[in-house]
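One file, upload_26.txt, is given below (compact mmCIF, N, CA and C atoms).
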# COMPACT_ATOMS: atom_id res chain seq x y z
N ARG A 1261 0.84 -1.21 0.00
CA ARG A 1261 0.00 0.00 0.00
C ARG A 1261 0.87 1.26 0.00
N ALA A 1262 1.94 1.24 0.77
CA ALA A 1262 2.83 2.40 0.84
C ALA A 1262 3.46 2.67 -0.53
N GLU A 1263 3.82 1.62 -1.23
CA GLU A 1263 4.41 1.77 -2.57
C GLU A 1263 3.38 2.37 -3.53
N GLN A 1264 2.15 1.94 -3.43
CA GLN A 1264 1.09 2.46 -4.29
C GLN A 1264 0.85 3.95 -3.99
N ASP A 1265 0.86 4.31 -2.71
CA ASP A 1265 0.71 5.72 -2.33
C ASP A 1265 1.85 6.56 -2.88
N ARG A 1266 3.06 6.04 -2.80
CA ARG A 1266 4.22 6.76 -3.30
C ARG A 1266 4.12 6.98 -4.81
N LEU A 1267 3.71 5.94 -5.51
CA LEU A 1267 3.55 6.06 -6.97
C LEU A 1267 2.45 7.06 -7.32
N SER A 1268 1.37 7.03 -6.57
CA SER A 1268 0.29 7.99 -6.81
C SER A 1268 0.78 9.42 -6.60
N GLN A 1269 1.53 9.62 -5.54
CA GLN A 1269 2.07 10.95 -5.27
C GLN A 1269 3.03 11.39 -6.38
N GLU A 1270 3.87 10.50 -6.84
CA GLU A 1270 4.79 10.82 -7.93
C GLU A 1270 4.03 11.19 -9.20
N ARG A 1271 2.99 10.45 -9.50
CA ARG A 1271 2.20 10.74 -10.71
C ARG A 1271 1.51 12.09 -10.60
N LEU A 1272 0.99 12.39 -9.42
CA LEU A 1272 0.35 13.69 -9.22
C LEU A 1272 1.36 14.82 -9.39
N GLN A 1273 2.55 14.63 -8.86
CA GLN A 1273 3.61 15.64 -9.01
C GLN A 1273 3.99 15.81 -10.47
N GLN A 1274 4.07 14.71 -11.20
CA GLN A 1274 4.39 14.79 -12.63
C GLN A 1274 3.34 15.58 -13.39
N LEU A 1275 2.11 15.51 -12.92
CA LEU A 1275 1.02 16.26 -13.55
C LEU A 1275 1.00 17.73 -13.09
N GLY A 1276 1.88 18.06 -12.15
CA GLY A 1276 1.93 19.42 -11.63
C GLY A 1276 1.00 19.66 -10.47
N LEU A 1277 0.43 18.59 -9.92
CA LEU A 1277 -0.49 18.71 -8.79
C LEU A 1277 0.29 18.51 -7.49
N VAL A 1278 1.19 19.43 -7.23
CA VAL A 1278 2.11 19.30 -6.10
C VAL A 1278 1.38 19.33 -4.76
N HIS A 1279 0.45 20.27 -4.61
CA HIS A 1279 -0.30 20.37 -3.36
C HIS A 1279 -1.10 19.10 -3.11
N THR A 1280 -1.78 18.63 -4.13
CA THR A 1280 -2.58 17.42 -4.00
C THR A 1280 -1.70 16.23 -3.63
N ALA A 1281 -0.53 16.15 -4.24
CA ALA A 1281 0.38 15.05 -3.94
C ALA A 1281 0.79 15.06 -2.47
N SER A 1282 1.06 16.25 -1.94
CA SER A 1282 1.51 16.33 -0.54
C SER A 1282 0.37 16.12 0.45
N GLU A 1283 -0.85 16.35 0.02
CA GLU A 1283 -2.02 16.23 0.91
C GLU A 1283 -2.91 15.05 0.54
N LEU A 1284 -2.40 14.11 -0.20
CA LEU A 1284 -3.22 13.04 -0.76
C LEU A 1284 -3.97 12.25 0.29
N LYS A 1285 -3.28 11.79 1.32
CA LYS A 1285 -3.94 10.97 2.35
C LYS A 1285 -5.07 11.72 3.03
N ASP A 1286 -4.83 12.99 3.39
CA ASP A 1286 -5.88 13.79 4.04
C ASP A 1286 -7.05 14.01 3.09
N PHE A 1287 -6.74 14.27 1.83
CA PHE A 1287 -7.79 14.50 0.85
C PHE A 1287 -8.67 13.27 0.70
N ILE A 1288 -8.04 12.12 0.56
CA ILE A 1288 -8.80 10.87 0.42
C ILE A 1288 -9.64 10.60 1.66
N ALA A 1289 -9.06 10.85 2.83
CA ALA A 1289 -9.81 10.63 4.08
C ALA A 1289 -11.04 11.53 4.14
N ARG A 1290 -10.88 12.81 3.79
CA ARG A 1290 -12.03 13.73 3.80
C ARG A 1290 -13.08 13.32 2.78
N ALA A 1291 -12.63 12.96 1.60
CA ALA A 1291 -13.56 12.56 0.53
C ALA A 1291 -14.35 11.33 0.94
N THR A 1292 -13.66 10.38 1.56
CA THR A 1292 -14.33 9.15 2.01
C THR A 1292 -15.30 9.44 3.14
N GLN A 1293 -14.85 10.22 4.12
CA GLN A 1293 -15.67 10.55 5.28
C GLN A 1293 -16.94 11.29 4.87
N LYS A 1294 -16.80 12.22 3.94
CA LYS A 1294 -17.94 13.04 3.54
C LYS A 1294 -18.74 12.45 2.39
N GLY A 1295 -18.24 11.36 1.82
CA GLY A 1295 -18.95 10.71 0.74
C GLY A 1295 -19.04 11.54 -0.53
N TRP A 1296 -17.96 12.26 -0.83
CA TRP A 1296 -17.96 13.11 -2.02
C TRP A 1296 -18.08 12.28 -3.28
N SER A 1297 -18.86 12.76 -4.21
CA SER A 1297 -18.96 12.12 -5.53
C SER A 1297 -17.66 12.41 -6.29
N PRO A 1298 -17.40 11.67 -7.35
CA PRO A 1298 -16.19 11.96 -8.14
C PRO A 1298 -16.12 13.40 -8.64
N VAL A 1299 -17.27 13.96 -9.01
CA VAL A 1299 -17.29 15.35 -9.48
C VAL A 1299 -16.90 16.30 -8.36
N VAL A 1300 -17.45 16.08 -7.18
CA VAL A 1300 -17.11 16.93 -6.03
C VAL A 1300 -15.63 16.76 -5.68
N GLN A 1301 -15.12 15.54 -5.76
CA GLN A 1301 -13.71 15.31 -5.48
C GLN A 1301 -12.83 16.12 -6.43
N LEU A 1302 -13.17 16.09 -7.70
CA LEU A 1302 -12.39 16.86 -8.67
C LEU A 1302 -12.50 18.36 -8.43
N GLU A 1303 -13.70 18.82 -8.12
CA GLU A 1303 -13.89 20.24 -7.84
C GLU A 1303 -13.05 20.67 -6.64
N ARG A 1304 -13.07 19.87 -5.58
CA ARG A 1304 -12.30 20.19 -4.37
C ARG A 1304 -10.80 20.10 -4.64
N LEU A 1305 -10.41 19.12 -5.42
CA LEU A 1305 -9.00 18.96 -5.76
C LEU A 1305 -8.51 20.18 -6.52
N VAL A 1306 -9.26 20.60 -7.53
CA VAL A 1306 -8.87 21.76 -8.34
C VAL A 1306 -8.86 23.02 -7.47
N GLN A 1307 -9.88 23.19 -6.64
CA GLN A 1307 -9.95 24.37 -5.78
C GLN A 1307 -8.74 24.43 -4.83
N ALA A 1308 -8.42 23.32 -4.20
CA ALA A 1308 -7.28 23.29 -3.28
C ALA A 1308 -5.97 23.55 -4.01
N GLU A 1309 -5.84 22.98 -5.20
CA GLU A 1309 -4.62 23.16 -5.99
C GLU A 1309 -4.47 24.63 -6.40
N LEU A 1310 -5.55 25.24 -6.87
CA LEU A 1310 -5.50 26.64 -7.28
C LEU A 1310 -5.20 27.57 -6.10
N GLU A 1311 -5.80 27.28 -4.94
CA GLU A 1311 -5.54 28.09 -3.76
C GLU A 1311 -4.07 27.99 -3.34
N ALA A 1312 -3.52 26.78 -3.40
CA ALA A 1312 -2.11 26.59 -3.05
C ALA A 1312 -1.21 27.30 -4.05
N ARG A 1313 -1.54 27.23 -5.32
CA ARG A 1313 -0.73 27.92 -6.34
C ARG A 1313 -0.82 29.43 -6.18
N LEU A 1314 -2.01 29.93 -5.89
CA LEU A 1314 -2.17 31.36 -5.67
C LEU A 1314 -1.34 31.82 -4.47
N ALA A 1315 -1.40 31.07 -3.38
CA ALA A 1315 -0.62 31.42 -2.19
C ALA A 1315 0.88 31.41 -2.51
N ALA A 1316 1.33 30.42 -3.28
CA ALA A 1316 2.74 30.36 -3.65
C ALA A 1316 3.12 31.54 -4.54
N ALA A 1317 2.25 31.89 -5.48
CA ALA A 1317 2.51 33.02 -6.37
C ALA A 1317 2.54 34.34 -5.61
N GLU A 1318 1.63 34.49 -4.65
CA GLU A 1318 1.62 35.70 -3.84
C GLU A 1318 2.89 35.80 -3.00
N ALA A 1319 3.33 34.68 -2.44
CA ALA A 1319 4.56 34.67 -1.65
C ALA A 1319 5.76 35.02 -2.53
N GLU A 1320 5.80 34.47 -3.72
CA GLU A 1320 6.90 34.77 -4.65
C GLU A 1320 6.87 36.24 -5.07
N ALA A 1321 5.68 36.76 -5.32
CA ALA A 1321 5.56 38.18 -5.68
C ALA A 1321 6.04 39.07 -4.54
N ALA A 1322 5.69 38.72 -3.32
CA ALA A 1322 6.15 39.49 -2.16
C ALA A 1322 7.67 39.41 -2.03
N ARG A 1323 8.23 38.24 -2.24
CA ARG A 1323 9.68 38.06 -2.17
C ARG A 1323 10.38 38.91 -3.23
N LEU A 1324 9.87 38.85 -4.45
CA LEU A 1324 10.47 39.62 -5.54
C LEU A 1324 10.32 41.12 -5.32
N ASN A 1325 9.19 41.54 -4.78
CA ASN A 1325 9.00 42.95 -4.48
C ASN A 1325 9.99 43.41 -3.42
N GLU A 1326 10.17 42.60 -2.40
CA GLU A 1326 11.13 42.92 -1.35
C GLU A 1326 12.54 43.00 -1.93
N GLU A 1327 12.88 42.07 -2.80
CA GLU A 1327 14.18 42.07 -3.46
C GLU A 1327 14.36 43.34 -4.31
N PHE A 1328 13.33 43.72 -5.03
CA PHE A 1328 13.37 44.93 -5.84
C PHE A 1328 13.58 46.17 -4.97
N LEU A 1329 12.82 46.26 -3.87
CA LEU A 1329 12.93 47.42 -3.00
C LEU A 1329 14.31 47.52 -2.37
N ARG A 1330 14.87 46.38 -2.00
CA ARG A 1330 16.23 46.38 -1.45
C ARG A 1330 17.24 46.85 -2.50
N ALA A 1331 17.12 46.35 -3.71
CA ALA A 1331 18.03 46.75 -4.79
C ALA A 1331 17.88 48.23 -5.10
N LYS A 1332 16.65 48.71 -5.11
CA LYS A 1332 16.39 50.13 -5.36
C LYS A 1332 17.01 50.99 -4.27
N ALA A 1333 16.84 50.57 -3.02
CA ALA A 1333 17.42 51.32 -1.90
C ALA A 1333 18.94 51.30 -1.97
N GLU A 1334 19.51 50.16 -2.30
CA GLU A 1334 20.97 50.06 -2.42
C GLU A 1334 21.48 50.96 -3.54
N THR A 1335 20.77 51.01 -4.65
CA THR A 1335 21.16 51.88 -5.75
C THR A 1335 21.11 53.34 -5.32
N GLU A 1336 20.06 53.70 -4.63
CA GLU A 1336 19.92 55.08 -4.15
C GLU A 1336 21.03 55.40 -3.15
N ASN A 1337 21.33 54.48 -2.27
CA ASN A 1337 22.41 54.70 -1.30
C ASN A 1337 23.76 54.85 -2.00
N THR A 1338 24.00 54.05 -3.00
CA THR A 1338 25.25 54.15 -3.76
C THR A 1338 25.33 55.49 -4.48
N ARG A 1339 24.22 55.92 -5.07
CA ARG A 1339 24.19 57.22 -5.74
C ARG A 1339 24.49 58.34 -4.76
N ARG A 1340 23.88 58.28 -3.60
CA ARG A 1340 24.10 59.33 -2.58
C ARG A 1340 25.56 59.35 -2.11
N ARG A 1341 26.12 58.16 -1.88
CA ARG A 1341 27.52 58.09 -1.46
C ARG A 1341 28.42 58.67 -2.55
N ALA A 1342 28.11 58.36 -3.79
CA ALA A 1342 28.90 58.89 -4.90
C ALA A 1342 28.79 60.41 -4.97
N GLU A 1343 27.59 60.94 -4.78
CA GLU A 1343 27.41 62.39 -4.77
C GLU A 1343 28.20 63.02 -3.63
N ASP A 1344 28.13 62.39 -2.47
CA ASP A 1344 28.85 62.92 -1.30
C ASP A 1344 30.35 62.93 -1.53
N GLN A 1345 30.84 62.01 -2.32
CA GLN A 1345 32.28 61.90 -2.57
C GLN A 1345 32.66 62.55 -3.90
N ASP A 1346 31.73 63.23 -4.53
CA ASP A 1346 31.96 63.87 -5.82
C ASP A 1346 32.53 62.91 -6.87
N ILE A 1347 32.00 61.70 -6.88
CA ILE A 1347 32.45 60.70 -7.82
C ILE A 1347 31.70 60.80 -9.13
N LEU A 1348 30.49 61.26 -9.07
CA LEU A 1348 29.68 61.32 -10.29
C LEU A 1348 30.32 62.29 -11.27
N TRP A 1349 30.27 61.96 -12.52
CA TRP A 1349 30.86 62.81 -13.55
C TRP A 1349 29.84 63.51 -14.34

Would you give me this structure, written as structure tokens?
Amino acid sequence: RAEQDRLSQERLQQLGLVHTASELKDFIARATQKGWSPVVQLERLVQAELEARLAAAEAEAARLNEEFLRAKAETENTRRRAEDQDILW
């Protein structure tokens, strides 16, 4: 059973369903407990996957924005130091 679970997770990852792969056991348990139909299972799977991707994209955007702001501040600081030292031509 463990080998089958591992293969299922690998296949989901290959399909790009990374969140679903990492949460597979919990997802199956919820689906079984609540008696979700196959359509509901797919809807929930897609919803969870999209929410996870959105959260990852938002985190990446925040990281990149922070990186940009740091680079911008460093550039401004370098410009000011150069002005203070009369390095600019």

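If you look at atom N of Ser1297 in chain A and atom N of Gln1269 in chain A, they are 20.7 Å away from each other.
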
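Note that the spacing between atom C of Gln1307 in chain A and CA of Thr1280 in chain A amounts to 9.4 Å.
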
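Taking CA of Arg1266 in chain A and CA of His1279 in chain A as the two end points, the separation is 14.3 Å.
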
When you look at range 1282-1292 of chain A with a cut-off of 10 Å (counting only C-alpha atoms), what residues show up, excluding the ones that are within fewer than 3 positions of it in the same chain? I need them as a VMD selection string.
chain A and resid 1265 1268 to 1270 1272 to 1273 1277 to 1279 1295 to 1298 1300 to 1301 1304 to 1305 1308

Completed range 1287-1298 of chain A (all heavy atoms) as a PDB file, keeping the file's coordinate frame:
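Listed below is the output, part_14.pdb:
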ATOM      1  N   PHE A1287      -6.740  14.270   1.830  1.00  0.00           N
ATOM      2  CA  PHE A1287      -7.790  14.500   0.850  1.00  0.00           C
ATOM      3  C   PHE A1287      -8.670  13.270   0.700  1.00  0.00           C
ATOM      4  O   PHE A1287      -9.898  13.358   0.717  1.00  0.00           O
ATOM      5  CB  PHE A1287      -7.183  14.895  -0.507  1.00  0.00           C
ATOM      6  CG  PHE A1287      -8.217  15.150  -1.561  1.00  0.00           C
ATOM      7  CD1 PHE A1287      -8.858  16.372  -1.628  1.00  0.00           C
ATOM      8  CD2 PHE A1287      -8.569  14.157  -2.468  1.00  0.00           C
ATOM      9  CE1 PHE A1287      -9.833  16.605  -2.597  1.00  0.00           C
ATOM     10  CE2 PHE A1287      -9.535  14.387  -3.433  1.00  0.00           C
ATOM     11  CZ  PHE A1287     -10.167  15.612  -3.500  1.00  0.00           C
ATOM     12  N   ILE A1288      -8.040  12.120   0.560  1.00  0.00           N
ATOM     13  CA  ILE A1288      -8.800  10.870   0.420  1.00  0.00           C
ATOM     14  C   ILE A1288      -9.640  10.600   1.660  1.00  0.00           C
ATOM     15  O   ILE A1288     -10.803  10.183   1.555  1.00  0.00           O
ATOM     16  CB  ILE A1288      -7.863   9.692   0.098  1.00  0.00           C
ATOM     17  CG1 ILE A1288      -7.280   9.872  -1.308  1.00  0.00           C
ATOM     18  CG2 ILE A1288      -8.577   8.353   0.217  1.00  0.00           C
ATOM     19  CD1 ILE A1288      -6.183   8.899  -1.653  1.00  0.00           C
ATOM     20  N   ALA A1289      -9.060  10.850   2.830  1.00  0.00           N
ATOM     21  CA  ALA A1289      -9.810  10.630   4.080  1.00  0.00           C
ATOM     22  C   ALA A1289     -11.040  11.530   4.140  1.00  0.00           C
ATOM     23  O   ALA A1289     -12.137  11.064   4.491  1.00  0.00           O
ATOM     24  CB  ALA A1289      -8.895  10.884   5.272  1.00  0.00           C
ATOM     25  N   ARG A1290     -10.880  12.810   3.790  1.00  0.00           N
ATOM     26  CA  ARG A1290     -12.030  13.730   3.800  1.00  0.00           C
ATOM     27  C   ARG A1290     -13.080  13.320   2.780  1.00  0.00           C
ATOM     28  O   ARG A1290     -14.281  13.331   3.059  1.00  0.00           O
ATOM     29  CB  ARG A1290     -11.569  15.159   3.517  1.00  0.00           C
ATOM     30  CG  ARG A1290     -11.089  15.927   4.711  1.00  0.00           C
ATOM     31  CD  ARG A1290     -10.960  17.422   4.458  1.00  0.00           C
ATOM     32  NE  ARG A1290     -10.347  17.771   3.185  1.00  0.00           N
ATOM     33  CZ  ARG A1290      -9.038  17.850   2.975  1.00  0.00           C
ATOM     34  NH1 ARG A1290      -8.190  17.587   3.936  1.00  0.00           N
ATOM     35  NH2 ARG A1290      -8.567  18.196   1.777  1.00  0.00           N
ATOM     36  N   ALA A1291     -12.630  12.960   1.600  1.00  0.00           N
ATOM     37  CA  ALA A1291     -13.560  12.560   0.530  1.00  0.00           C
ATOM     38  C   ALA A1291     -14.350  11.330   0.940  1.00  0.00           C
ATOM     39  O   ALA A1291     -15.557  11.242   0.702  1.00  0.00           O
ATOM     40  CB  ALA A1291     -12.794  12.308  -0.760  1.00  0.00           C
ATOM     41  N   THR A1292     -13.660  10.380   1.560  1.00  0.00           N
ATOM     42  CA  THR A1292     -14.330   9.150   2.010  1.00  0.00           C
ATOM     43  C   THR A1292     -15.300   9.440   3.140  1.00  0.00           C
ATOM     44  O   THR A1292     -16.445   8.985   3.128  1.00  0.00           O
ATOM     45  CB  THR A1292     -13.269   8.118   2.458  1.00  0.00           C
ATOM     46  OG1 THR A1292     -12.382   7.869   1.363  1.00  0.00           O
ATOM     47  CG2 THR A1292     -13.922   6.821   2.891  1.00  0.00           C
ATOM     48  N   GLN A1293     -14.850  10.220   4.120  1.00  0.00           N
ATOM     49  CA  GLN A1293     -15.670  10.550   5.280  1.00  0.00           C
ATOM     50  C   GLN A1293     -16.940  11.290   4.870  1.00  0.00           C
ATOM     51  O   GLN A1293     -18.018  11.028   5.374  1.00  0.00           O
ATOM     52  CB  GLN A1293     -14.867  11.383   6.271  1.00  0.00           C
ATOM     53  CG  GLN A1293     -15.654  11.825   7.489  1.00  0.00           C
ATOM     54  CD  GLN A1293     -14.863  12.779   8.361  1.00  0.00           C
ATOM     55  OE1 GLN A1293     -13.862  13.352   7.932  1.00  0.00           O
ATOM     56  NE2 GLN A1293     -15.324  12.966   9.580  1.00  0.00           N
ATOM     57  N   LYS A1294     -16.800  12.220   3.940  1.00  0.00           N
ATOM     58  CA  LYS A1294     -17.940  13.040   3.540  1.00  0.00           C
ATOM     59  C   LYS A1294     -18.740  12.450   2.390  1.00  0.00           C
ATOM     60  O   LYS A1294     -19.766  12.981   2.012  1.00  0.00           O
ATOM     61  CB  LYS A1294     -17.463  14.445   3.191  1.00  0.00           C
ATOM     62  CG  LYS A1294     -16.841  15.158   4.393  1.00  0.00           C
ATOM     63  CD  LYS A1294     -16.476  16.567   4.058  1.00  0.00           C
ATOM     64  CE  LYS A1294     -15.793  17.203   5.243  1.00  0.00           C
ATOM     65  NZ  LYS A1294     -16.627  18.074   6.004  1.00  0.00           N
ATOM     66  N   GLY A1295     -18.240  11.360   1.820  1.00  0.00           N
ATOM     67  CA  GLY A1295     -18.950  10.710   0.740  1.00  0.00           C
ATOM     68  C   GLY A1295     -19.040  11.540  -0.530  1.00  0.00           C
ATOM     69  O   GLY A1295     -20.063  11.525  -1.220  1.00  0.00           O
ATOM     70  N   TRP A1296     -17.960  12.260  -0.830  1.00  0.00           N
ATOM     71  CA  TRP A1296     -17.960  13.110  -2.020  1.00  0.00           C
ATOM     72  C   TRP A1296     -18.080  12.280  -3.280  1.00  0.00           C
ATOM     73  O   TRP A1296     -17.436  11.242  -3.428  1.00  0.00           O
ATOM     74  CB  TRP A1296     -16.683  13.920  -2.103  1.00  0.00           C
ATOM     75  CG  TRP A1296     -16.533  14.986  -1.050  1.00  0.00           C
ATOM     76  CD1 TRP A1296     -17.509  15.518  -0.270  1.00  0.00           C
ATOM     77  CD2 TRP A1296     -15.319  15.634  -0.668  1.00  0.00           C
ATOM     78  NE1 TRP A1296     -16.985  16.466   0.576  1.00  0.00           N
ATOM     79  CE2 TRP A1296     -15.640  16.559   0.338  1.00  0.00           C
ATOM     80  CE3 TRP A1296     -14.010  15.533  -1.095  1.00  0.00           C
ATOM     81  CZ2 TRP A1296     -14.697  17.373   0.939  1.00  0.00           C
ATOM     82  CZ3 TRP A1296     -13.056  16.339  -0.501  1.00  0.00           C
ATOM     83  CH2 TRP A1296     -13.397  17.248   0.506  1.00  0.00           C
ATOM     84  N   SER A1297     -18.860  12.760  -4.210  1.00  0.00           N
ATOM     85  CA  SER A1297     -18.960  12.120  -5.530  1.00  0.00           C
ATOM     86  C   SER A1297     -17.660  12.410  -6.290  1.00  0.00           C
ATOM     87  O   SER A1297     -16.903  13.322  -5.918  1.00  0.00           O
ATOM     88  CB  SER A1297     -20.147  12.690  -6.309  1.00  0.00           C
ATOM     89  OG  SER A1297     -19.878  14.028  -6.691  1.00  0.00           O
ATOM     90  N   PRO A1298     -17.400  11.670  -7.350  1.00  0.00           N
ATOM     91  CA  PRO A1298     -16.190  11.960  -8.140  1.00  0.00           C
ATOM     92  C   PRO A1298     -16.120  13.400  -8.640  1.00  0.00           C
ATOM     93  O   PRO A1298     -15.051  14.002  -8.656  1.00  0.00           O
ATOM     94  CB  PRO A1298     -16.289  10.968  -9.309  1.00  0.00           C
ATOM     95  CG  PRO A1298     -17.071   9.823  -8.753  1.00  0.00           C
ATOM     96  CD  PRO A1298     -18.072  10.460  -7.818  1.00  0.00           C
TER      97      PRO A1298
END
